[in-house]
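Just target.cif here, mmCIF, C-alpha atoms:
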data_structure
loop_
_atom_site.label_atom_id
_atom_site.label_comp_id
_atom_site.auth_asym_id
_atom_site.auth_seq_id
_atom_site.Cartn_x
_atom_site.Cartn_y
_atom_site.Cartn_z
CA MET A 1 22.95 2.94 -4.66
CA ASN A 2 23.93 4.22 -1.25
CA ARG A 3 23.38 7.90 -0.79
CA VAL A 4 23.70 9.70 2.53
CA SER A 5 23.73 7.07 5.29
CA ARG A 6 21.91 9.29 7.76
CA VAL A 7 19.86 12.47 7.62
CA VAL A 8 20.61 14.46 10.75
CA PRO A 9 18.36 17.39 11.69
CA VAL A 10 20.57 20.47 12.00
CA VAL A 11 18.40 23.48 11.29
CA ALA A 12 15.27 25.09 12.63
CA VAL A 13 12.02 23.54 11.47
CA ALA A 14 10.82 24.18 7.93
CA THR A 15 7.05 24.26 7.75
CA LEU A 16 4.80 24.71 4.78
CA VAL A 17 1.89 27.11 5.14
CA LEU A 18 -1.09 25.40 3.59
CA SER A 19 -2.47 27.91 1.14
CA ALA A 20 -3.36 26.57 -2.29
CA CYS A 21 -0.82 27.46 -4.94
CA GLY A 22 -1.92 25.15 -7.76
CA SER A 23 1.64 24.17 -8.60
CA SER A 24 2.18 20.93 -10.50
CA ASP A 25 5.93 21.19 -10.46
CA SER A 26 7.60 18.09 -8.99
CA ALA A 27 10.22 20.06 -7.12
CA GLU A 28 9.73 20.77 -3.43
CA PRO A 29 8.42 24.26 -2.67
CA ALA A 30 10.66 26.67 -0.82
CA PRO A 31 9.27 26.33 2.72
CA SER A 32 8.89 29.16 5.15
CA THR A 33 11.18 28.90 8.16
CA THR A 34 10.14 29.40 11.75
CA THR A 35 11.93 28.88 15.03
CA ASP A 36 10.38 26.96 17.90
CA SER A 37 11.82 27.80 21.30
CA THR A 38 11.02 24.32 22.64
CA SER A 39 14.00 22.01 22.42
CA SER A 40 13.56 18.63 20.73
CA SER A 41 15.42 15.40 20.13
CA ALA A 42 15.43 12.93 17.26
CA SER A 43 13.76 10.24 19.37
CA SER A 44 10.23 9.21 18.45
CA SER A 45 8.94 10.14 21.89
CA ALA A 46 9.94 13.76 21.36
CA SER A 47 8.95 14.16 17.72
CA SER A 48 5.14 14.09 17.70
CA SER A 49 4.85 17.67 16.45
CA ALA A 50 6.05 18.77 13.02
CA SER A 51 6.66 22.24 14.43
CA GLN A 52 9.52 21.21 16.70
CA SER A 53 13.01 22.62 16.25
CA SER A 54 15.82 20.77 14.49
CA SER A 55 13.67 19.41 11.64
CA THR A 56 14.74 19.45 8.01
CA ALA A 57 11.32 18.36 6.76
CA THR A 58 8.81 19.99 4.49
CA ILE A 59 5.38 19.34 6.01
CA TYR A 60 2.12 18.47 4.26
CA ASN A 61 -0.95 18.86 6.48
CA LEU A 62 -3.84 16.41 6.10
CA PRO A 63 -7.40 17.81 6.30
CA GLY A 64 -9.81 16.77 9.02
CA THR A 65 -9.46 15.61 12.61
CA GLY A 66 -8.80 12.21 14.14
CA VAL A 67 -7.27 11.03 10.86
CA PHE A 68 -4.55 8.69 12.18
CA PRO A 69 -3.06 8.10 8.71
CA GLU A 70 -1.24 4.92 7.77
CA GLY A 71 -0.47 4.28 4.10
CA ILE A 72 1.11 6.32 1.32
CA THR A 73 1.92 5.76 -2.34
CA ALA A 74 2.96 8.04 -5.18
CA ALA A 75 2.67 8.15 -8.96
CA ASP A 76 5.00 10.77 -10.44
CA ASP A 77 4.34 13.85 -8.27
CA THR A 78 0.88 12.80 -7.04
CA PHE A 79 0.64 11.08 -3.66
CA TYR A 80 -2.20 9.33 -1.84
CA VAL A 81 -2.56 8.85 1.94
CA THR A 82 -5.04 6.64 3.84
CA SER A 83 -6.91 7.21 7.09
CA THR A 84 -7.32 4.27 9.45
CA SER A 85 -10.15 6.05 11.29
CA ASP A 86 -12.77 6.12 8.54
CA GLY A 87 -11.14 4.80 5.36
CA ALA A 88 -10.72 8.20 3.72
CA VAL A 89 -8.01 8.64 1.10
CA PHE A 90 -6.30 12.00 0.61
CA ARG A 91 -4.53 13.21 -2.51
CA GLY A 92 -1.78 15.78 -2.82
CA THR A 93 0.86 17.00 -5.23
CA VAL A 94 4.54 17.24 -4.40
CA GLY A 95 5.41 20.92 -4.48
CA SER A 96 1.88 22.10 -3.66
CA PRO A 97 0.55 22.61 -0.12
CA ASP A 98 -3.01 21.64 -1.08
CA VAL A 99 -3.91 18.16 0.21
CA SER A 100 -7.58 17.26 -0.17
CA VAL A 101 -9.99 14.38 0.34
CA PHE A 102 -9.93 12.17 -2.75
CA LEU A 103 -12.13 9.30 -1.50
CA PRO A 104 -14.50 10.17 1.39
CA GLY A 105 -14.41 7.99 4.47
CA GLY A 106 -17.07 5.29 4.62
CA ALA A 107 -17.82 5.36 0.90
CA ASP A 108 -18.26 1.94 -0.73
CA GLY A 109 -18.11 0.34 2.73
CA ARG A 110 -14.53 1.54 3.18
CA THR A 111 -14.62 2.07 6.95
CA GLY A 112 -10.87 1.61 7.36
CA ALA A 113 -7.86 1.81 5.07
CA ALA A 114 -4.26 0.77 5.62
CA GLY A 115 -1.61 0.29 2.94
CA LEU A 116 -2.12 1.08 -0.72
CA ASP A 117 -0.27 1.11 -4.02
CA VAL A 118 -0.84 2.68 -7.41
CA LEU A 119 -0.38 1.10 -10.81
CA ASP A 120 1.49 3.78 -12.74
CA ASP A 121 2.12 2.55 -16.27
CA ASP A 122 1.96 4.54 -19.49
CA ASP A 123 0.54 1.49 -21.29
CA ARG A 124 -2.24 0.78 -18.76
CA PRO A 125 -4.82 2.78 -16.79
CA ASP A 126 -3.76 3.99 -13.35
CA TYR A 127 -5.41 1.96 -10.61
CA LEU A 128 -5.29 2.57 -6.86
CA VAL A 129 -5.41 -0.63 -4.77
CA ILE A 130 -6.29 -0.16 -1.08
CA ALA A 131 -5.98 -2.72 1.74
CA GLY A 132 -8.88 -2.54 4.18
CA GLY A 133 -7.28 -3.74 7.42
CA ALA A 134 -9.69 -5.65 9.67
CA THR A 135 -12.50 -5.39 7.08
CA GLY A 136 -10.82 -8.17 5.09
CA LYS A 137 -11.56 -6.23 1.91
CA VAL A 138 -9.53 -4.66 -0.90
CA TRP A 139 -10.85 -1.77 -3.02
CA VAL A 140 -9.64 -0.83 -6.49
CA TYR A 141 -10.27 2.69 -7.83
CA ASP A 142 -9.44 4.66 -10.92
CA ALA A 143 -6.54 6.75 -9.61
CA GLY A 144 -7.58 9.75 -11.67
CA SER A 145 -11.36 9.93 -11.39
CA GLY A 146 -11.85 8.10 -8.11
CA ASP A 147 -14.43 5.76 -9.67
CA LEU A 148 -14.76 2.37 -7.98
CA VAL A 149 -13.45 -0.39 -10.24
CA ALA A 150 -13.58 -3.61 -8.20
CA THR A 151 -13.62 -5.04 -4.68
CA PHE A 152 -12.20 -8.24 -3.20
CA THR A 153 -12.58 -10.02 0.14
CA ASN A 154 -11.00 -12.88 2.07
CA GLY A 155 -14.24 -13.52 3.97
CA LEU A 156 -12.54 -13.55 7.38
CA GLY A 157 -13.89 -11.90 10.51
CA THR A 158 -12.36 -8.75 11.98
CA ASP A 159 -10.55 -10.72 14.68
CA ALA A 160 -8.92 -13.07 12.16
CA THR A 161 -7.50 -10.74 9.52
CA PHE A 162 -5.75 -7.44 8.98
CA LEU A 163 -5.02 -6.66 5.34
CA ASN A 164 -2.06 -4.39 5.83
CA ASP A 165 -0.09 -3.47 2.74
CA VAL A 166 -0.14 -3.70 -1.05
CA ALA A 167 2.55 -4.07 -3.71
CA ILE A 168 1.70 -3.94 -7.40
CA ALA A 169 4.21 -6.00 -9.36
CA ASP A 170 5.65 -5.00 -12.71
CA ASN A 171 3.13 -7.21 -14.54
CA GLY A 172 0.19 -5.44 -12.85
CA ASP A 173 -0.67 -8.15 -10.30
CA ALA A 174 -1.37 -6.81 -6.80
CA PHE A 175 -0.11 -8.61 -3.69
CA VAL A 176 -1.63 -7.98 -0.26
CA THR A 177 -0.20 -8.90 3.15
CA ASP A 178 -2.25 -10.08 6.11
CA SER A 179 -0.78 -9.34 9.53
CA ARG A 180 -3.02 -11.81 11.38
CA SER A 181 -3.76 -14.67 8.97
CA PRO A 182 -0.67 -16.48 7.55
CA ALA A 183 -1.42 -15.81 3.91
CA LEU A 184 -0.17 -13.62 1.09
CA TYR A 185 -2.94 -12.75 -1.35
CA ARG A 186 -2.70 -12.01 -5.06
CA ILE A 187 -5.10 -10.14 -7.32
CA PRO A 188 -4.16 -10.87 -10.96
CA PHE A 189 -4.22 -7.83 -13.23
CA ASP A 190 -7.02 -9.25 -15.37
CA GLN A 191 -9.20 -9.48 -12.26
CA ILE A 192 -8.41 -5.88 -11.37
CA VAL A 193 -9.76 -4.63 -14.69
CA ALA A 194 -12.71 -7.07 -14.79
CA GLY A 195 -14.77 -4.88 -12.49
CA THR A 196 -15.99 -7.64 -10.18
CA GLN A 197 -17.43 -6.86 -6.75
CA ASP A 198 -16.60 -8.82 -3.58
CA ALA A 199 -14.59 -11.35 -5.56
CA PRO A 200 -12.68 -13.84 -3.36
CA LEU A 201 -9.04 -13.06 -2.69
CA GLU A 202 -6.66 -15.69 -4.04
CA THR A 203 -4.18 -17.10 -1.52
CA PHE A 204 -0.87 -16.91 -3.38
CA VAL A 205 1.21 -18.36 -0.52
CA ASN A 206 0.14 -19.98 2.75
CA PHE A 207 2.93 -19.41 5.27
CA ASP A 208 2.01 -22.40 7.45
CA GLY A 209 4.97 -24.78 7.50
CA SER A 210 7.32 -22.20 5.97
CA PRO A 211 10.22 -20.33 7.60
CA PHE A 212 7.83 -17.37 8.00
CA VAL A 213 6.31 -18.35 11.35
CA TYR A 214 3.37 -16.28 12.57
CA GLY A 215 3.26 -15.42 16.27
CA GLU A 216 1.79 -12.87 18.63
CA GLY A 217 1.45 -9.29 17.47
CA PHE A 218 1.64 -8.05 13.89
CA ASN A 219 3.31 -10.38 11.44
CA ALA A 220 3.47 -9.73 7.67
CA ASN A 221 3.40 -6.00 7.11
CA GLY A 222 5.21 -3.99 4.43
CA ILE A 223 5.79 -5.54 1.01
CA VAL A 224 7.79 -4.60 -2.10
CA GLU A 225 8.94 -6.25 -5.30
CA ASN A 226 12.70 -6.83 -5.43
CA ASP A 227 14.96 -5.22 -7.99
CA ASP A 228 15.07 -8.02 -10.58
CA GLU A 229 11.29 -8.65 -10.17
CA SER A 230 11.83 -12.32 -9.31
CA ALA A 231 10.47 -12.09 -5.79
CA LEU A 232 8.54 -10.16 -3.19
CA ILE A 233 10.10 -8.93 0.06
CA VAL A 234 7.94 -8.82 3.21
CA VAL A 235 8.87 -7.54 6.68
CA GLN A 236 7.57 -9.22 9.84
CA SER A 237 6.90 -6.48 12.37
CA SER A 238 7.07 -8.64 15.48
CA THR A 239 10.50 -10.16 14.74
CA GLY A 240 12.16 -7.62 12.45
CA ASN A 241 12.92 -10.32 9.89
CA LEU A 242 12.68 -9.87 6.13
CA TYR A 243 11.35 -12.72 4.01
CA ARG A 244 11.71 -13.39 0.29
CA ILE A 245 8.83 -15.01 -1.60
CA ASP A 246 9.83 -16.32 -5.02
CA LYS A 247 7.12 -15.33 -7.50
CA THR A 248 7.61 -18.46 -9.62
CA SER A 249 8.31 -21.29 -7.17
CA LYS A 250 6.56 -19.59 -4.19
CA GLU A 251 9.53 -20.61 -2.04
CA VAL A 252 9.75 -18.63 1.21
CA THR A 253 13.21 -17.87 2.64
CA GLN A 254 14.52 -15.45 5.23
CA VAL A 255 16.62 -12.61 3.83
CA ASP A 256 20.17 -12.75 5.18
CA LEU A 257 20.84 -9.41 6.90
CA GLY A 258 24.08 -10.55 8.53
CA GLY A 259 22.41 -10.90 11.92
CA ALA A 260 20.64 -7.54 11.84
CA THR A 261 16.91 -7.24 12.43
CA LEU A 262 14.38 -4.52 11.64
CA MET A 263 12.13 -4.63 14.69
CA ASN A 264 8.81 -2.82 14.35
CA GLY A 265 9.21 -2.87 10.57
CA ASP A 266 6.19 -1.36 8.86
CA GLY A 267 5.89 0.14 5.37
CA MET A 268 8.73 -0.26 2.87
CA GLU A 269 9.93 1.37 -0.35
CA THR A 270 12.63 0.59 -2.88
CA ASP A 271 14.58 3.20 -4.80
CA ASP A 272 17.37 1.92 -7.04
CA ASP A 273 19.11 -0.73 -4.91
CA THR A 274 18.15 0.79 -1.55
CA LEU A 275 15.33 -0.67 0.51
CA TYR A 276 13.79 1.75 3.00
CA VAL A 277 12.11 0.09 6.00
CA VAL A 278 10.07 2.25 8.37
CA ARG A 279 10.47 1.16 12.01
CA ASN A 280 7.38 2.74 13.51
CA ARG A 281 7.91 2.57 17.28
CA ASP A 282 11.57 3.48 16.83
CA GLY A 283 10.70 6.63 14.87
CA LEU A 284 13.19 6.03 12.06
CA ILE A 285 13.68 4.59 8.59
CA ALA A 286 16.34 1.91 8.13
CA LYS A 287 18.33 1.86 4.88
CA VAL A 288 19.17 -1.58 3.50
CA ASP A 289 21.49 -2.30 0.58
CA LEU A 290 19.55 -5.24 -0.88
CA ASP A 291 20.97 -7.59 -3.48
CA ASP A 292 19.16 -7.61 -6.83
CA ASP A 293 17.70 -11.07 -6.17
CA GLY A 294 16.60 -10.09 -2.66
CA ARG A 295 18.39 -12.92 -0.88
CA ARG A 296 20.89 -10.82 1.09
CA GLY A 297 21.05 -7.31 2.42
CA THR A 298 23.15 -5.00 4.59
CA VAL A 299 21.76 -2.33 6.88
CA THR A 300 23.77 0.75 5.92
CA GLY A 301 22.21 3.55 7.97
CA GLU A 302 19.00 5.28 8.91
CA VAL A 303 16.96 8.38 8.20
CA THR A 304 15.58 10.37 11.12
CA ASP A 305 13.87 13.71 11.57
CA ALA A 306 12.36 15.51 14.54
CA SER A 307 9.04 15.75 12.68
CA PHE A 308 8.58 11.97 12.64
CA ALA A 309 5.65 10.99 14.87
CA TYR A 310 5.25 7.22 14.94
CA PRO A 311 5.99 6.95 11.20
CA THR A 312 4.31 4.05 9.43
CA THR A 313 5.34 4.06 5.80
CA VAL A 314 7.20 5.91 3.08
CA ALA A 315 7.13 6.78 -0.62
CA ALA A 316 10.15 7.94 -2.63
CA VAL A 317 9.68 10.90 -5.01
CA ASP A 318 12.48 12.92 -6.65
CA ASP A 319 15.21 12.02 -4.11
CA ARG A 320 12.80 12.80 -1.26
CA LEU A 321 11.00 10.47 1.14
CA LEU A 322 7.36 11.17 1.96
CA VAL A 323 6.80 9.81 5.47
CA VAL A 324 3.40 9.29 7.14
CA ASN A 325 3.19 10.49 10.75
CA SER A 326 0.46 8.24 12.16
CA GLN A 327 0.66 9.21 15.85
CA PHE A 328 -0.74 5.75 16.62
CA ASP A 329 0.81 6.06 20.08
CA LYS A 330 -1.63 8.94 20.70
CA ARG A 331 -4.81 6.94 20.02
CA GLY A 332 -7.16 7.59 22.90
CA GLY A 333 -5.03 10.53 23.92
CA GLU A 334 -4.28 13.96 22.51
CA PRO A 335 -2.65 13.79 19.08
CA VAL A 336 -1.09 16.91 17.59
CA GLU A 337 -3.36 18.09 14.80
CA PRO A 338 -3.41 18.44 11.90
CA PHE A 339 -1.89 15.08 11.07
CA THR A 340 1.02 15.35 8.69
CA VAL A 341 3.27 13.85 6.06
CA SER A 342 6.96 14.77 6.29
CA SER A 343 9.11 15.19 3.19
CA VAL A 344 12.82 14.64 3.92
CA PRO A 345 15.91 14.03 1.77
CA GLU A 346 16.79 10.44 1.05
#
Taking this structure as input, can you express it in the form of structure tokens?
Amino acid sequence: MNRVSRVVPVVAVATLVLSACGSSDSAEPAPSTTTDSTSSSASSSASSSASQSSSTATIYNLPGTGVFPEGITAADDTFYVTSTSDGAVFRGTVGSPDVSVFLPGGADGRTGAAGLDVLDDDDRPDYLVIAGGATGKVWVYDAGSGDLVATFTNGLGTDATFLNDVAIADNGDAFVTDSRSPALYRIPFDQIVAGTQDAPLETFVNFDGSPFVYGEGFNANGIVENDDESALIVVQSSTGNLYRIDKTSKEVTQVDLGGATLMNGDGMETDDDTLYVVRNRDGLIAKVDLDDDGRRGTVTGEVTDASFAYPTTVAAVDDRLLVVNSQFDKRGGEPVEPFTVSSVPE
């Protein structure tokens, strides 16, 4: 379903003062409005601060310094955000300004964390599955209590792997992309609940010899399940191509975008028949009208906001997009702190 093809910042910035209110309502809070006298543009180079003018975003501040967040996922009105710096995971509630540390950095050997997904099913416990980047590990936690459930590893060295993103399929299986090694991993649901530690990751698909050709830079990145649940869709950051992996036959094909590409594609999200693809260096989110079977798609527009600061991924909640502002382009420099998550209309 195509909604607004582009969100254009037209008003002074809306910022959320972070004082705990304890609200569990899923609606966005009414933000306070301030005016910044510094002019801004919608380009990523000019949008590193969430306090710039011309932003329509509600801002959630992440605690701590040097966070450099990357991943986000949401279950109902609860969202989780990862830190690449120390593996911390933060938890917040849509509509409440209070974002806190849920899983401390470094715990359980979690020295880095990238993408994550949450199993949100009324018939099954809620599990949080976290990709560990160059550690080659995946951690599974109880999404409510924070108790460690299981861990998995591909056994590769830090220079050979980067476990980047996670998608939990409708049947409970978790799929994990690797941006350096040409493999897509699967963790079957029964292994998730078994409580094993350092279990080997199963290679679901080896991309060698397939149309998904690995090259220099980051390769497989964001991953989602398509609308009819027959396949997985993966974006290749370095080429901007989308690939479809059939869950039954394991056939790998390139998604036909009519000649369009999604360069610098990072995290992805589906909402109804719209696929949102974050293009990190470009500072925007592409909107793709994807066929139910995931074989074809049309780029229909983009979402931008002056608060975006090297956005990496997105979660859809109540007709809003929660967007992680990683500021990865400020590593080794002077990032604007606190690090933030922007909430903008779809």
Using the chain letters and numbers from the file, give me the residues hit by the PyMOL selection byres ((chain A and resi 321) around 8), as a PyMOL selection string.
chain A and resi 314-317+319-320+322-323+342-346
Using the chain letters and numbers from the file, give me the residues hit by the PyMOL selection byres ((chain A and resi 228) around 9), as a compact mmCIF listing (two decimals) with C-alpha atoms, in the frame of the given file.
# COMPACT_ATOMS: atom_id res chain seq x y z
CA GLU A 225 8.94 -6.25 -5.30
CA ASN A 226 12.70 -6.83 -5.43
CA ASP A 227 14.96 -5.22 -7.99
CA GLU A 229 11.29 -8.65 -10.17
CA SER A 230 11.83 -12.32 -9.31
CA ALA A 231 10.47 -12.09 -5.79
CA ASP A 292 19.16 -7.61 -6.83
CA ASP A 293 17.70 -11.07 -6.17
CA GLY A 294 16.60 -10.09 -2.66
Protein and nucleic acid residues near (-14.3, -2.5, -11.0) (cut-off 6 Å, only C-alpha atoms) as a PyMOL selection string:
chain A and resi 148-150+195-196
Once the PyMOL selection byres ((chain A and resi 139) around 10) is applied to the coordinates I shared, what remains selected? I want it as a PyMOL selection string.
chain A and resi 108-110+113+116+128-132+137-138+140-141+148-153+192+197-198
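Taking CA of Val234 (chain A) and CA of Arg295 (chain A) as endpoints, the distance between them is 11.9 Å.
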Which residue, A:Ser179, A:Thr253, A:Thr78, A:Thr84, has the smallest gap to Gly209 (chain A) when you use all atoms listed in the file?
A:Thr253
Per-residue nearest contacts of region 197-285 of chain A to region 299-303 of chain A (12 Å; all atoms listed in the file) as a Markdown table:
| residue | atom | partner | partner_atom | distance |
| --- | --- | --- | --- | --- |
| A:Leu242 | CA | A:Val299 | CA | 11.8 |
| A:Val255 | CA | A:Val299 | CA | 11.9 |
| A:Asp256 | CA | A:Val299 | CA | 10.7 |
| A:Leu257 | CA | A:Val299 | CA | 7.1 |
| A:Gly258 | CA | A:Val299 | CA | 8.7 |
| A:Gly259 | CA | A:Val299 | CA | 10.0 |
| A:Ala260 | CA | A:Val299 | CA | 7.3 |
| A:Thr261 | CA | A:Val299 | CA | 8.9 |
| A:Leu262 | CA | A:Val299 | CA | 9.1 |
| A:Asp273 | CA | A:Thr300 | CA | 11.9 |
| A:Thr274 | CA | A:Thr300 | CA | 9.3 |
| A:Leu275 | CA | A:Val299 | CA | 9.2 |
| A:Tyr276 | CA | A:Glu302 | CA | 8.6 |
| A:Val277 | CA | A:Glu302 | CA | 9.1 |
| A:Val278 | CA | A:Val303 | CA | 9.2 |
| A:Arg279 | CA | A:Glu302 | CA | 10.0 |
| A:Asp282 | CA | A:Glu302 | CA | 11.0 |
| A:Gly283 | CA | A:Val303 | CA | 9.3 |
| A:Leu284 | CA | A:Val303 | CA | 5.9 |
| A:Ile285 | CA | A:Val303 | CA | 5.0 |
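Distances to Leu290 (chain A) were evaluated for A:Asp246, A:Leu184, A:Ser55, A:Glu269 using all atoms listed in the file, and the minimum falls at A:Glu269.
In this structure, CA of Ser238 (chain A) sits 25.7 Å away from CA of Asp86 (chain A).
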If you measure from CA of Pro104 (chain A) to CA of Val67 (chain A), what distance in Å do you get, rounded to one decimal?
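CA of Val67 (chain A) lies at a distance of 11.9 Å from CA of Pro104 (chain A).
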For Ser249 (chain A), the nearest of the candidates A:Pro97, A:Asp123, A:Glu337, A:Phe204, counting all atoms listed in the file:
A:Phe204
What are the closest atom pairs, with distances in Å to one decimal, for all residues of region 226-329 of chain A lying within 12 Å of region 59-63 of chain A? Consider all atoms listed in the file, order rows by chain and residue number, and present the result as a Markdown table.
| residue | atom | partner | partner_atom | distance |
| --- | --- | --- | --- | --- |
| A:Asp305 | CA | A:Ile59 | CA | 11.6 |
| A:Ala306 | CA | A:Ile59 | CA | 11.7 |
| A:Ser307 | CA | A:Ile59 | CA | 8.4 |
| A:Phe308 | CA | A:Ile59 | CA | 10.4 |
| A:Leu321 | CA | A:Ile59 | CA | 11.6 |
| A:Leu322 | CA | A:Tyr60 | CA | 9.3 |
| A:Val323 | CA | A:Ile59 | CA | 9.7 |
| A:Val324 | CA | A:Tyr60 | CA | 9.7 |
| A:Asn325 | CA | A:Asn61 | CA | 10.3 |
| A:Ser326 | CA | A:Leu62 | CA | 11.0 |
Generate a file of the selected residues that holds C-alpha atoms, formatted as a short mmCIF file (atom, residue, chain, number, x, y, z; two decimals), in the coordinates of the input.
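After the write, selection.cif holds the following:
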data_model
loop_
_atom_site.label_atom_id
_atom_site.label_comp_id
_atom_site.auth_asym_id
_atom_site.auth_seq_id
_atom_site.Cartn_x
_atom_site.Cartn_y
_atom_site.Cartn_z
CA ASP A 305 13.87 13.71 11.57
CA ALA A 306 12.36 15.51 14.54
CA SER A 307 9.04 15.75 12.68
CA PHE A 308 8.58 11.97 12.64
CA LEU A 321 11.00 10.47 1.14
CA LEU A 322 7.36 11.17 1.96
CA VAL A 323 6.80 9.81 5.47
CA VAL A 324 3.40 9.29 7.14
CA ASN A 325 3.19 10.49 10.75
CA SER A 326 0.46 8.24 12.16
#
Selected residue, from A:Ser145, A:Gln327, A:Asn164, A:Ser96, that lies nearest to Asp117 (chain A) when counting only C-alpha atoms:
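The answer is A:Asn164, which sits nearest to Asp117 (chain A).
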Within 12 Å of Val118 (chain A), counting all atoms listed in the file, which residues show up once you throw out same-chain ones fewer than 6 positions away? Write them as a PyMOL selection string, please.
chain A and resi 71-76+78-81+124-131+139-144+165-170+172-175+315
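All polymer residues at most 6 Å from (-10.3, -11.4, 6.7), using all atoms listed in the file, appear as A:Gly136, A:Asn154, A:Gly155, A:Leu156, A:Gly157, A:Ala160, A:Thr161.
Among the candidates A:Ser210, A:Thr93, A:Thr340, A:Asn264, the residue lying nearest to Ala57 (chain A) is A:Thr340 (atoms considered: all atoms listed in the file).
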